[in-house]
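Undergrad: I am sharing structure28.tsv, which consists of TSV, C-alpha atoms:
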chain	number	residue	atom	x	y	z
A	1	MET	CA	11.63	11.70	-13.33
A	2	THR	CA	13.78	10.87	-10.35
A	3	VAL	CA	12.65	8.57	-7.54
A	4	SER	CA	12.07	11.54	-5.24
A	5	GLU	CA	10.04	13.35	-7.90
A	6	THR	CA	7.92	10.26	-8.47
A	7	VAL	CA	7.27	9.90	-4.75
A	8	ARG	CA	6.19	13.53	-4.62
A	9	ARG	CA	3.79	12.96	-7.51
A	10	ILE	CA	2.34	9.91	-5.79
A	11	LEU	CA	1.77	11.90	-2.62
A	12	VAL	CA	-0.12	14.61	-4.50
A	13	ASP	CA	-1.91	12.66	-7.23
A	14	ASP	CA	-2.73	9.37	-5.46
A	15	ILE	CA	-2.78	10.22	-1.77
A	16	PHE	CA	-4.09	13.78	-2.17
A	17	VAL	CA	-1.55	15.43	0.09
A	18	GLU	CA	-2.42	19.11	0.03
A	19	VAL	CA	1.12	20.41	-0.14
A	20	PRO	CA	2.50	21.69	-3.45
A	21	VAL	CA	5.18	19.48	-4.90
A	22	GLU	CA	7.61	22.37	-5.00
A	23	SER	CA	7.13	22.94	-1.26
A	24	MET	CA	7.94	19.37	-0.27
A	25	ASN	CA	11.28	18.85	1.42
A	26	ASP	CA	13.01	15.49	1.36
A	27	ASP	CA	13.24	15.38	5.14
A	28	ASP	CA	9.72	16.47	6.02
A	29	SER	CA	7.89	13.85	8.05
A	30	LEU	CA	5.32	12.05	5.93
A	31	ARG	CA	3.16	11.59	9.02
A	32	ASP	CA	3.65	14.81	10.94
A	33	VAL	CA	4.06	17.31	8.06
A	34	PHE	CA	2.15	15.73	5.18
A	35	GLY	CA	-0.51	14.19	7.41
A	36	LEU	CA	-0.44	10.64	6.12
A	37	ASP	CA	-2.23	8.11	8.30
A	38	SER	CA	-2.23	4.31	8.16
A	39	LEU	CA	-4.41	4.30	5.04
A	40	GLY	CA	-2.18	6.85	3.32
A	41	PHE	CA	0.93	4.80	4.05
A	42	VAL	CA	-0.67	1.63	2.75
A	43	GLU	CA	-1.53	3.46	-0.47
A	44	LEU	CA	1.98	4.93	-0.70
A	45	ARG	CA	3.46	1.47	-0.41
A	46	VAL	CA	1.18	0.12	-3.16
A	47	GLN	CA	1.84	3.05	-5.51
A	48	CYS	CA	5.60	2.81	-4.99
A	49	GLN	CA	5.49	-0.89	-5.81
A	50	GLN	CA	3.64	-0.16	-9.03
A	51	ALA	CA	5.62	2.93	-10.03
A	52	PHE	CA	9.05	1.37	-9.47
A	53	ASP	CA	8.17	-2.29	-10.12
A	54	VAL	CA	9.53	-3.38	-6.76
A	55	LYS	CA	8.17	-5.54	-3.97
A	56	ILE	CA	8.01	-3.84	-0.57
A	57	THR	CA	7.70	-6.63	1.96
A	58	ASN	CA	6.17	-6.29	5.40
A	59	ASP	CA	9.73	-6.29	6.77
A	60	ASP	CA	10.49	-3.23	4.65
A	61	PHE	CA	7.19	-1.49	5.47
A	62	THR	CA	8.50	0.15	8.65
A	63	PRO	CA	8.37	3.62	10.21
A	64	ASP	CA	12.08	4.02	9.48
A	65	ASN	CA	11.71	3.32	5.77
A	66	PHE	CA	8.53	5.38	5.45
A	67	ALA	CA	9.50	8.36	7.58
A	68	THR	CA	10.31	10.89	4.84
A	69	ILE	CA	10.57	11.22	1.08
A	70	ARG	CA	14.31	10.65	1.51
A	71	SER	CA	13.85	7.39	3.40
A	72	VAL	CA	11.34	6.11	0.86
A	73	ARG	CA	13.72	7.04	-1.95
A	74	GLU	CA	16.55	5.21	-0.22
A	75	LEU	CA	14.40	2.13	0.24
A	76	VAL	CA	13.36	2.13	-3.40
A	77	GLU	CA	16.96	2.59	-4.52
A	78	ARG	CA	18.06	-0.35	-2.35
A	79	LEU	CA	15.32	-2.52	-3.79
A	80	LEU	CA	16.16	-1.49	-7.34
A	81	ALA	CA	19.78	-2.30	-6.68
A	82	GLY	CA	18.73	-5.79	-5.60
A	83	SER	CA	19.38	-5.50	-1.86
A	84	ALA	CA	16.78	-7.40	0.17
A	85	HIS	CA	17.85	-5.99	3.54
A	86	PRO	CA	16.23	-2.89	5.00
A	87	ALA	CA	18.38	-0.45	6.96
A	88	ALA	CA	19.20	-1.87	10.38
A	89	PRO	CA	18.25	0.12	13.47
A	90	ALA	CA	21.05	2.36	14.69
A	91	GLU	CA	23.39	0.60	17.09
A	92	ARG	CA	24.09	2.62	20.19
A	93	ALA	CA	27.81	3.25	20.80
B	1	MET	CA	21.96	-11.53	19.28
B	2	PRO	CA	19.49	-13.73	17.42
B	3	THR	CA	16.99	-12.09	15.11
B	4	PRO	CA	13.52	-12.35	16.64
B	5	ALA	CA	10.89	-14.15	14.59
B	6	ALA	CA	7.84	-12.36	15.96
B	7	SER	CA	9.21	-9.01	17.09
B	8	LEU	CA	10.67	-5.91	15.51
B	9	VAL	CA	14.10	-4.66	16.53
B	10	LEU	CA	13.88	-1.02	17.60
B	11	ARG	CA	17.37	-0.71	19.08
B	12	THR	CA	20.47	-2.86	19.27
B	13	ALA	CA	23.03	-2.24	22.00
B	14	ALA	CA	26.19	-3.76	23.41
B	15	SER	CA	24.16	-5.27	26.24
B	16	ASP	CA	23.00	-8.67	27.35
B	17	GLU	CA	19.67	-7.21	28.38
B	18	LEU	CA	16.44	-6.67	26.51
B	19	VAL	CA	13.40	-4.48	26.89
B	20	LEU	CA	10.28	-5.69	25.08
B	21	THR	CA	7.56	-3.22	24.15
B	22	ALA	CA	4.00	-4.34	23.45
B	23	ASP	CA	1.71	-2.47	21.06
B	24	PHE	CA	-0.05	-2.90	17.71
B	25	ALA	CA	1.71	-0.20	15.77
B	26	ALA	CA	0.78	-0.05	12.12
B	27	THR	CA	3.22	1.93	10.01
B	28	GLY	CA	1.84	5.43	9.73
B	29	ARG	CA	-0.33	5.35	12.83
B	30	THR	CA	-0.81	8.96	13.83
B	31	THR	CA	-0.71	8.13	17.53
B	32	ALA	CA	2.91	8.05	18.65
B	33	THR	CA	4.47	4.61	18.73
B	34	PHE	CA	7.33	2.95	20.59
B	35	HIS	CA	9.45	3.93	17.60
B	36	ASP	CA	8.90	7.54	18.69
B	37	LEU	CA	9.60	6.76	22.36
B	38	VAL	CA	12.78	4.78	21.70
B	39	GLU	CA	14.24	7.71	19.74
B	40	ARG	CA	14.04	9.65	23.00
B	41	LEU	CA	15.32	6.99	25.39
B	42	ALA	CA	18.87	7.11	26.71
B	43	THR	CA	18.91	3.60	28.17
B	44	GLU	CA	21.60	1.46	26.56
B	45	VAL	CA	19.74	-1.79	26.05
B	46	ASN	CA	18.35	-3.90	23.23
B	47	ILE	CA	14.73	-2.96	22.58
B	48	TRP	CA	12.22	-5.01	20.61
B	49	GLU	CA	8.57	-4.47	19.83
B	50	THR	CA	5.96	-7.20	19.51
B	51	ALA	CA	4.95	-7.65	15.88
B	52	PRO	CA	1.44	-8.68	14.83
B	53	ALA	CA	0.86	-12.21	13.62
B	54	PRO	CA	1.38	-12.41	9.85
B	55	TYR	CA	-1.82	-11.31	8.19
B	56	GLY	CA	-4.02	-14.27	7.43
B	57	THR	CA	-2.62	-16.44	10.24
B	58	GLU	CA	-4.39	-14.69	13.09
B	59	GLN	CA	-7.75	-16.43	12.71
B	60	GLY	CA	-8.63	-18.27	15.89
B	61	MET	CA	-5.53	-17.18	17.79
B	62	THR	CA	-6.27	-16.94	21.48
B	63	GLY	CA	-4.58	-14.46	23.78
B	64	HIS	CA	-2.21	-17.19	24.93
B	65	ASP	CA	-1.42	-18.08	21.31
B	66	GLN	CA	-0.49	-14.46	20.69
B	67	VAL	CA	1.72	-14.38	23.79
B	68	ASP	CA	3.38	-17.69	22.83
B	69	ARG	CA	4.85	-16.13	19.67
B	70	TRP	CA	6.56	-13.28	21.49
B	71	ALA	CA	7.56	-15.34	24.51
B	72	ARG	CA	9.45	-17.74	22.23
B	73	ASP	CA	11.52	-14.80	20.98
B	74	LEU	CA	12.32	-13.80	24.56
B	75	LYS	CA	13.39	-17.28	25.58
B	76	ASP	CA	15.38	-17.90	22.41
B	77	SER	CA	17.18	-14.57	22.66
B	78	GLY	CA	19.31	-15.70	25.60
B	79	LEU	CA	19.09	-12.11	26.85
B	80	ARG	CA	17.93	-11.09	30.29
B	81	VAL	CA	14.60	-9.33	29.95
B	82	ARG	CA	14.99	-6.18	32.01
B	83	ALA	CA	11.52	-4.82	31.41
B	84	VAL	CA	8.33	-5.17	29.44
B	85	ILE	CA	6.51	-1.96	28.51
B	86	GLY	CA	2.94	-1.94	27.25
B	87	PHE	CA	1.00	0.86	25.55
B	88	CYS	CA	-2.77	1.01	25.80
B	89	GLY	CA	-4.14	-2.47	25.08
B	90	GLY	CA	-0.56	-3.64	24.74
B	91	GLY	CA	-0.36	-3.36	28.51
B	92	VAL	CA	-2.46	-6.53	28.69
B	93	TYR	CA	0.06	-8.46	26.64
B	94	ALA	CA	2.95	-6.84	28.52
B	95	ALA	CA	1.65	-8.27	31.79
B	96	ALA	CA	1.37	-11.73	30.28
B	97	LEU	CA	4.88	-11.50	28.82
B	98	ALA	CA	6.37	-10.43	32.14
B	99	GLU	CA	4.78	-13.49	33.70
B	100	ARG	CA	6.14	-15.74	30.94
B	101	ALA	CA	9.67	-14.37	31.40
B	102	SER	CA	9.43	-15.04	35.13
B	103	ARG	CA	9.26	-18.74	34.35
B	104	TRP	CA	12.97	-18.78	33.43
B	105	GLN	CA	14.46	-15.62	34.97
B	106	ALA	CA	13.78	-13.04	37.65
B	107	GLU	CA	10.56	-11.27	36.77
B	108	PRO	CA	11.22	-8.20	34.62
B	109	ARG	CA	9.89	-4.78	35.52
B	110	LEU	CA	6.48	-4.04	34.02
B	111	VAL	CA	5.80	-0.46	32.89
B	112	LEU	CA	2.41	0.68	31.62
B	113	LEU	CA	1.62	3.60	29.33
B	114	ASP	CA	-2.10	4.52	29.21
B	115	PRO	CA	-3.02	0.96	30.16
B	116	GLY	CA	-6.45	-0.25	29.19
B	117	VAL	CA	-8.08	-3.58	29.94
B	118	VAL	CA	-9.32	-4.66	26.52
B	119	LYS	CA	-13.05	-5.28	26.10
B	120	PRO	CA	-14.90	-6.62	23.05
B	121	TYR	CA	-16.72	-3.34	22.53
B	122	MET	CA	-13.36	-1.85	21.49
B	123	GLN	CA	-13.31	-4.18	18.49
B	124	VAL	CA	-16.72	-2.89	17.42
B	125	GLU	CA	-15.72	0.72	18.02
B	126	HIS	CA	-12.70	0.34	15.77
B	127	VAL	CA	-14.80	-0.94	12.87
B	128	GLN	CA	-17.43	1.71	13.59
B	129	GLY	CA	-14.72	4.33	13.22
B	130	TRP	CA	-13.84	3.09	9.76
B	131	LEU	CA	-17.50	2.88	8.75
B	132	THR	CA	-18.03	6.46	9.82
B	133	ARG	CA	-14.99	7.62	7.87
B	134	LEU	CA	-16.20	5.76	4.76
B	135	THR	CA	-19.86	6.81	4.97
B	136	PRO	CA	-19.50	9.15	1.96
B	137	ALA	CA	-18.79	6.03	-0.13
B	138	PHE	CA	-22.25	4.59	0.61
B	139	ALA	CA	-25.62	5.47	-0.79
B	140	GLU	CA	-27.88	6.45	2.10
B	141	GLU	CA	-29.84	3.22	2.07
B	142	ASP	CA	-26.66	1.15	1.85
B	143	ALA	CA	-25.15	3.06	4.76
B	144	GLY	CA	-28.18	2.12	6.83
B	145	HIS	CA	-27.78	-1.53	5.87
B	146	ALA	CA	-24.10	-1.36	6.82
B	147	ARG	CA	-24.86	0.13	10.23
B	148	ARG	CA	-27.51	-2.46	10.96
B	149	ALA	CA	-25.25	-5.29	9.89
B	150	LEU	CA	-22.52	-4.04	12.23
B	151	LEU	CA	-24.99	-3.73	15.09
B	152	ASP	CA	-26.16	-7.28	14.48
B	153	ILE	CA	-22.60	-8.59	14.64
B	154	ALA	CA	-21.91	-6.56	17.77
B	155	THR	CA	-24.95	-7.85	19.63
B	156	THR	CA	-25.00	-11.51	18.58
B	157	SER	CA	-21.34	-12.61	18.73
B	158	PRO	CA	-20.69	-14.84	21.76
B	159	GLY	CA	-17.10	-13.86	22.51
B	160	PRO	CA	-14.15	-11.79	21.33
B	161	LEU	CA	-12.69	-14.42	18.96
B	162	GLU	CA	-16.02	-15.01	17.20
B	163	LEU	CA	-16.58	-11.28	17.17
B	164	ALA	CA	-13.20	-10.78	15.48
B	165	ARG	CA	-14.03	-13.45	12.91
B	166	ARG	CA	-17.38	-11.91	12.02
B	167	LEU	CA	-16.05	-8.37	12.04
B	168	GLY	CA	-13.26	-9.54	9.77
B	169	GLY	CA	-15.85	-10.77	7.29
B	170	TYR	CA	-17.60	-7.43	7.54
B	171	VAL	CA	-14.36	-5.59	6.82
B	172	ARG	CA	-13.83	-7.66	3.67
B	173	GLU	CA	-17.40	-7.51	2.41
B	174	VAL	CA	-18.43	-3.98	3.38
B	175	LEU	CA	-15.44	-1.77	4.14
B	176	GLN	CA	-12.93	-3.01	1.60
B	177	PRO	CA	-15.21	-2.25	-1.38
B	178	ALA	CA	-16.00	1.12	0.17
B	179	LEU	CA	-12.30	1.93	0.25
B	180	GLY	CA	-12.18	1.24	-3.45
B	181	ARG	CA	-15.13	3.57	-4.04
B	182	THR	CA	-13.23	6.39	-2.29
B	183	GLY	CA	-10.50	6.20	-4.91
B	184	HIS	CA	-7.99	3.93	-3.21
B	185	SER	CA	-6.37	1.20	-5.24
B	186	GLY	CA	-7.71	-2.32	-4.92
B	187	GLN	CA	-4.40	-3.49	-3.47
B	188	ALA	CA	-4.35	-0.73	-0.86
B	189	ALA	CA	-7.94	-1.54	0.09
B	190	SER	CA	-7.00	-5.18	0.52
B	191	ASP	CA	-3.82	-4.37	2.45
B	192	LEU	CA	-5.68	-2.08	4.81
B	193	ALA	CA	-8.35	-4.71	5.35
B	194	ASP	CA	-5.56	-7.15	6.29
B	195	LEU	CA	-4.26	-4.65	8.83
B	196	VAL	CA	-7.66	-3.96	10.38
B	197	ILE	CA	-8.48	-7.67	10.62
B	198	GLY	CA	-5.11	-8.33	12.24
B	199	TYR	CA	-5.83	-5.62	14.79
B	200	LEU	CA	-9.29	-7.01	15.54
B	201	HIS	CA	-7.76	-10.39	16.33
B	202	TRP	CA	-5.03	-8.77	18.43
B	203	LEU	CA	-7.73	-7.05	20.46
B	204	ALA	CA	-9.66	-10.30	20.71
B	205	GLY	CA	-6.70	-12.12	22.21
B	206	ALA	CA	-6.08	-9.31	24.68
B	207	ALA	CA	-9.75	-9.38	25.70
B	208	GLN	CA	-9.26	-12.97	26.86
B	209	LEU	CA	-6.42	-12.14	29.26
B	210	ASP	CA	-6.66	-10.64	32.75
B	211	PRO	CA	-3.65	-8.39	33.41
B	212	ARG	CA	-4.81	-7.02	36.74
B	213	PRO	CA	-2.73	-9.19	39.11
B	214	ARG	CA	0.49	-7.92	37.57
B	215	TRP	CA	-0.77	-4.43	36.88
B	216	ARG	CA	-1.29	-3.97	40.62
B	217	GLU	CA	2.48	-4.04	41.08
B	218	ALA	CA	3.36	-1.86	38.07
B	219	PRO	CA	3.77	1.89	37.59
B	220	ALA	CA	1.68	3.64	34.97
B	221	LEU	CA	2.34	6.81	32.98
B	222	ASN	CA	-0.98	8.22	31.83
B	223	SER	CA	-2.07	10.86	29.34
B	224	ALA	CA	-4.79	13.45	29.91
B	225	THR	CA	-7.19	12.19	27.23
B	226	PRO	CA	-10.58	11.05	28.56
B	227	GLY	CA	-11.27	7.44	27.70
B	228	PHE	CA	-7.65	6.31	27.70
B	229	GLY	CA	-5.65	4.53	30.35
B	230	LEU	CA	-6.90	5.05	33.86
B	231	HIS	CA	-9.39	7.62	32.57
B	232	LEU	CA	-11.40	4.61	31.33
B	233	LEU	CA	-12.43	4.08	34.91
B	234	PRO	CA	-14.24	6.32	37.37
B	235	ALA	CA	-11.76	7.86	39.80
B	236	ALA	CA	-13.14	5.75	42.63
B	237	ASP	CA	-12.32	2.53	40.73
B	238	ARG	CA	-8.73	3.39	39.85
B	239	ALA	CA	-7.18	2.70	43.22
B	240	GLY	CA	-5.39	-0.60	43.20
B	241	LEU	CA	-5.47	-1.11	39.43
B	242	VAL	CA	-1.81	-0.10	39.24
B	243	ARG	CA	0.82	0.42	41.91
B	244	ALA	CA	1.31	4.11	41.14
B	245	VAL	CA	0.36	6.48	38.35
B	246	THR	CA	1.87	9.67	37.01
B	247	PHE	CA	-0.44	11.80	34.90
B	248	TYR	CA	0.86	14.00	32.10
B	249	ASP	CA	-1.07	16.86	30.56
B	250	VAL	CA	-0.42	15.40	27.15
B	251	PRO	CA	-2.88	13.88	24.67
B	252	HIS	CA	-2.92	10.09	24.37
B	253	SER	CA	-1.71	10.46	20.79
B	254	ASP	CA	1.43	12.30	21.92
B	255	LEU	CA	2.28	10.33	25.08
B	256	MET	CA	5.16	8.40	23.50
B	257	ARG	CA	6.70	11.45	21.83
B	258	HIS	CA	6.78	13.47	25.06
B	259	ASP	CA	10.30	14.04	26.39
B	260	GLN	CA	9.27	13.91	30.05
B	261	VAL	CA	7.61	10.54	29.52
B	262	ALA	CA	10.82	9.27	27.93
B	263	ARG	CA	12.83	10.50	30.91
B	264	ALA	CA	10.40	8.82	33.28
B	265	VAL	CA	10.71	5.55	31.36
B	266	ASP	CA	14.53	5.82	31.48
B	267	ALA	CA	14.34	6.34	35.25
B	268	LEU	CA	12.10	3.30	35.69
B	269	LEU	CA	14.37	1.15	33.54
B	270	ALA	CA	17.36	2.20	35.63
B	271	ARG	CA	15.79	1.09	38.91
B	272	PRO	CA	16.18	-2.45	40.24
B	273	VAL	CA	12.96	-4.36	39.69
B	274	ASP	CA	12.22	-4.57	43.41
B	275	ALA	CA	12.97	-0.90	44.13
B	276	PRO	CA	10.00	1.21	45.29
B	277	VAL	CA	8.03	2.89	42.52
B	278	PRO	CA	8.32	6.72	42.50
B	279	VAL	CA	5.57	8.66	44.30
B	280	PRO	CA	2.84	9.56	41.82
B	281	ARG	CA	2.44	13.18	40.88
B	282	ARG	CA	0.79	15.27	38.21
B	283	VAL	CA	3.25	16.67	35.68
B	284	LEU	CA	2.28	19.93	33.92
Could you show the structure in this file as structure tokens?

TA:
Amino acid sequence: MTVSETVRRILVDDIFVEVPVESMNDDDSLRDVFGLDSLGFVELRVQCQQAFDVKITNDDFTPDNFATIRSVRELVERLLAGSAHPAAPAERA
Amino acid sequence: MPTPAASLVLRTAASDELVLTADFAATGRTTATFHDLVERLATEVNIWETAPAPYGTEQGMTGHDQVDRWARDLKDSGLRVRAVIGFCGGGVYAAALAERASRWQAEPRLVLLDPGVVKPYMQVEHVQGWLTRLTPAFAEEDAGHARRALLDIATTSPGPLELARRLGGYVREVLQPALGRTGHSGQAASDLADLVIGYLHWLAGAAQLDPRPRWREAPALNSATPGFGLHLLPAADRAGLVRAVTFYDVPHSDLMRHDQVARAVDALLARPVDAPVPVPRRVL
């Protein structure tokens, strides 16, 4: 199972998001489309840590990293690759 | 630009100026956050947001202790603080931070979004909200015990810091196990308890501060939701609380994702601090 697929399973099986897995898009907002609230995000963080055997620090637990399935996947992949630095905020040109 | 120790970086810019935003924004909060507002702002400036004290360190922190953490970041940044923006109870801390910055630079502009003077009853209401949500996890008799225990804490705590301490114990002993009974993992229940306790102490610190002297000179952008911002007060008591107010027919939860609010904030940030505040109007 890919990282994205695992995140989808977590959303449905552990956080009880009432959207079918096959209807979830990578760029749908976890908050605005899937309806997660602060408790749901806390649970998502915990389940991702357990599923992927990674540590998601408070510095990584940000709206940017937990915006969409894609951003969560990218965070997990960075952590699995051994990078400790979350994505920096976009610098304005 | 140095990395702040007690603030989150929302935007970096090729600028020697900084805007600090004040809020307690837990990841996943359904009410729009400064993260949402900053996405809509055009102003080319560094923007930070106050971060809560690390969970577990907030016990006993006074309002001034809370402000000290963020003020150190401002001073150490070497940047000119152009403005401080506060949302809801964060407006209390924003006023204090503007005053702190004025000790070493020209006072920054203060902007208020749904400003609310924090009172201890808000700490109790927050815990009450969680208890209500978790009521299905209690047997009827136990739910009654839980309600009475909360009422006892609410009516016998002598001040906001003691109230936060006792409510924190209640969260650990009553609400955290209830979260587990609703199917959440033990770690998630513990993490959420950390977050709620941190918020209770943040409120407690704000309840100790009086923002009104600086609020009187600041503009406010206010939602339409009863019970938030200036709606907390009867109309007759609002005059003089802030310098000017613009009301938006937008729910409190959507105020910081509203494009017109973002444009208004950009306009305020572009004005010299001592320029007159725009005439208040109702925006439909």

Undergrad: Give the residues of chain B that lie within 10 Å of chain A; count all atoms listed in the file, and format the answer as an MDAnalysis selection string.

TA: chainID B and resid 8:15 25:31 33 35:36 42:46 54:55 179 183:193 195

Undergrad: Go ahead and compute the interatomic distance for atom CA of Val118 of chain B and atom CA of Asp194 of chain B, in Å to one decimal.

TA: 20.7 Å

Undergrad: Could you tell me how far atom CA of Ser157 of chain B sits from atom CA of Leu131 of chain B, in Å to one decimal place?

TA: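 Rounded to one decimal, the two atoms are 18.8 Å apart.
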
Undergrad: Rounded to one decimal in Å, what is the spacing between atom CA of Pro234 of chain B and atom CA of Ala32 of chain B?

TA: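 Atom CA of Pro234 of chain B sits 25.4 Å away from atom CA of Ala32 of chain B.
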
Undergrad: Have a look at B:Ala5, B:Val117, B:Asp65, B:Ala83 and name the one nearest to Leu233 of chain B; count only C-alpha atoms.

TA: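 Result for the nearest residue to Leu233 of chain B: B:Val117.
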
Undergrad: Find, counting only C-alpha atoms, the residue in A:Leu80, A:Val33, A:Val3, A:Val54 that gets nearest to Val17 of chain A.

TA: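 Ranked by minimum distance to Val17 of chain A, first place goes to A:Val33.
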
Undergrad: Would you list the contacts of His145 of chain B as a list in words, taking every protein, DNA or RNA residue within 12 Å and counting only C-alpha atoms, but skipping same-chain residues closer than 6 positions in sequence?

TA: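 So the residues in contact are Leu131, Thr135, Phe138, Ala139, Leu151, Asp152, Tyr170 and Val174 of chain B.
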
Undergrad: Counting all atoms listed in the file, what is within 8 Å of Phe34 of chain A, bar same-chain residues fewer than 6 positions away, as a tab-separated table (two decimals) with C-alpha atoms, in the frame of the given file?

TA:
chain	number	residue	atom	x	y	z
A	17	VAL	CA	-1.55	15.43	0.09
A	18	GLU	CA	-2.42	19.11	0.03
A	19	VAL	CA	1.12	20.41	-0.14
A	28	ASP	CA	9.72	16.47	6.02

Undergrad: When you count all atoms listed in the file, which of these residues is closest to Arg70 of chain A: A:Thr6, A:Gly82, A:Asn25, A:Ile56?

TA: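 Answer, going by the shortest atom-to-atom distance: A:Asn25.
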
Undergrad: List the neighbours of Arg214 of chain B out to 9 Å using all atoms listed in the file; skip same-chain residues closer than 3 positions along the sequence, and give me the result as a ChimeraX atom specification.

TA: /B:95-96,98-99,110,211,217-218,242

Undergrad: Would you output that residue set with C-alpha atoms, as a compact mmCIF listing (two decimals), keeping the file's coordinate frame?

TA:
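As a result, out-v8.txt now contains:
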# COMPACT_ATOMS: atom_id res chain seq x y z
CA ALA B 95 1.65 -8.27 31.79
CA ALA B 96 1.37 -11.73 30.28
CA ALA B 98 6.37 -10.43 32.14
CA GLU B 99 4.78 -13.49 33.70
CA LEU B 110 6.48 -4.04 34.02
CA PRO B 211 -3.65 -8.39 33.41
CA GLU B 217 2.48 -4.04 41.08
CA ALA B 218 3.36 -1.86 38.07
CA VAL B 242 -1.81 -0.10 39.24

Undergrad: Check the smallest atom-to-atom distance from each of B:His252, B:Arg181, B:Arg165, B:Arg172 to Ala204 of chain B using only C-alpha atoms, then report the winner.

TA: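 Closest to Ala204 of chain B, using only C-alpha atoms: B:Arg165.
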
Undergrad: Between B:Arg257, B:Arg80, B:Lys75, B:His64, single out the one closest to Asp210 of chain B, counting only C-alpha atoms.

TA: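 The answer is B:His64, which sits nearest to Asp210 of chain B.
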